[in-house]
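A.B. asks: Input: one structure, supplied below.
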Amino acid sequence: MTTVRLRAERAATTATYGLATGTAGAVLGGVTGGLGWALLMGGTTAVAGAQVGRSRPDRATRRHARFTNRTAGYLSTLRHDGWRLLHARPIGQDPDRVYHLCVPPSANRVVVCMDWDWPQDAQIRLDDDGLQAGGADGDIAVDWVLHAADTVAQTLNGNSEDLGHIGVAQALPVHGASVANGGHVQFHREHGDENREINVLHASVLADKLRTVPTQVTRSTRRTARTCADFLDTTFP
C-alpha cells in the first residue's frame, strides 16, 4: 500500500468516527438542551470521535504488524550467534512504518530490515525497469528502507566517539511471495552520493544470509554491539 493510500485510509477513518460521534452528540444535545447544547455537544463529541478514529490502526498497519511478527520469528535464531535484535521500531515521520534493527556481534554495521506488503503469490525480480513485484512498484519499498537506513546512519555517526564507526545495510524480507535467484535478489542503487547495496530476501533464507554480515568477532566487538543496541533501543523506542 502506498503512502498516499495509507494516509487516505487514515483520513477516512478519522472523518467517519468524527461524523458519527458528532451526529450522536448533536442529537443528544438537542434532546436535552435545545440548539445551543446540540452545537456544543456535537462539536465536542466530533473532536473526541476523530481522535479515536485517528488512533485506530488501519488495514496496512494491521498487515504490517503480522509481517513484523513473522520476520521477528525468522530473525530470532540469530540471537544464538550473538546478534542484538530490535523489532517494530518506528523510524521517520510515519509511526505505522516500523523496522527491525539487527546488530551483529562484530558490530561492523547495523542491518535495517523493513517489512512491506508484497503482492501475494507474486515473484519478486529485478529487470531493466527496476524491482518488479507482481505489478506493484517495489522501488517504493527500496526508497523507504534507504531513508530509514540514512536516519540510523546519521544517528550512529552522531555518537561515533562512543561507538566508533559502524556502517548500515538494508534488507527487505519477503512473505507470501517468491523471490527470484533462489530467494535472494541483490542489486545496487544510487542514493545521494553513494552506491548502496539492496538485498531482497525471502524470509526462509533471511537469517542465513544475514549470518554472512559479521566480520571478525572479538570480546571487544561484542561489547560494542551491546552498547550499540542499547543506544539504538533508547533512540528508537
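Each chain in the C-alpha cells gets a letter, A, B, ..., in the order shown, and its residues are numbered from 1; ligands are numbered from 1 in order too.
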Can you list, as a VMD selection string, every residue of region 126-213 of chain A that DSSP puts in strand (DSSP E or B)?
C.D. replies: chain A and resid 126 to 127 130 to 133 136 to 137 167 to 174 178 to 179 184 to 191 194 to 202
A.B. asks: For region 183-206 of chain A against region 108-128 of chain A, with a cut-off of 12 Å and counting only C-alpha atoms, what is the closest atom pair and its distance in Å to one decimal for every residue that makes the cut, ordered by chain and number, as a Markdown table?
C.D. replies:
| residue | atom | partner | partner_atom | distance |
| --- | --- | --- | --- | --- |
| A:Gly183 | CA | A:Ile124 | CA | 8.9 |
| A:His184 | CA | A:Arg125 | CA | 9.2 |
| A:Val185 | CA | A:Arg125 | CA | 6.8 |
| A:Gln186 | CA | A:Leu126 | CA | 8.7 |
| A:Phe187 | CA | A:Leu126 | CA | 8.2 |
| A:His188 | CA | A:Leu126 | CA | 11.0 |
| A:Glu197 | CA | A:Val111 | CA | 11.4 |
| A:Ile198 | CA | A:Cys113 | CA | 10.5 |
| A:Asn199 | CA | A:Cys113 | CA | 9.5 |
| A:Val200 | CA | A:Ile124 | CA | 8.3 |
| A:Leu201 | CA | A:Ile124 | CA | 9.5 |
| A:His202 | CA | A:Ile124 | CA | 9.3 |
| A:Ala203 | CA | A:Asp115 | CA | 10.2 |
| A:Leu206 | CA | A:Cys113 | CA | 10.1 |
A.B. asks: Between CA of Gly138 (chain A) and CA of Leu172 (chain A), what is the distance in Å, rounded to a tenth?
C.D. replies: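 CA of Leu172 (chain A) lies 10.1 Å from CA of Gly138 (chain A).
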A.B. asks: Work out how far CA of Thr215 (chain A) is from CA of Asp162 (chain A), in Å to one decimal.
C.D. replies: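 CA of Thr215 (chain A) lies 20.2 Å from CA of Asp162 (chain A).
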A.B. asks: Could you jot down the CA of Lys209 (chain A) to CA of Asp139 (chain A) separation for me, Å, one decimal place?
C.D. replies: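 These atoms are spaced 21.4 Å apart.
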A.B. asks: Between A:Ala133, A:Asp94, A:Gly82, A:Thr71, which residue has the minimum interatomic distance to Val179 (chain A), considering only C-alpha atoms?
C.D. replies: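 Looking only at the distances to Val179 (chain A), the closest residue turns out to be A:Ala133.
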A.B. asks: Using only C-alpha atoms, determine which residues lie at most 12 Å from Val217 (chain A), disregarding the query and same-chain residues fewer than 6 positions distant; provide the list as an MDAnalysis selection string.
C.D. replies: chainID A and resid 81:83 104:108 223:225
A.B. asks: A:Leu163, A:Leu85, A:Val142, A:Cys228: which is nearest His191 (chain A), counting only C-alpha atoms?
C.D. replies: A:Val142
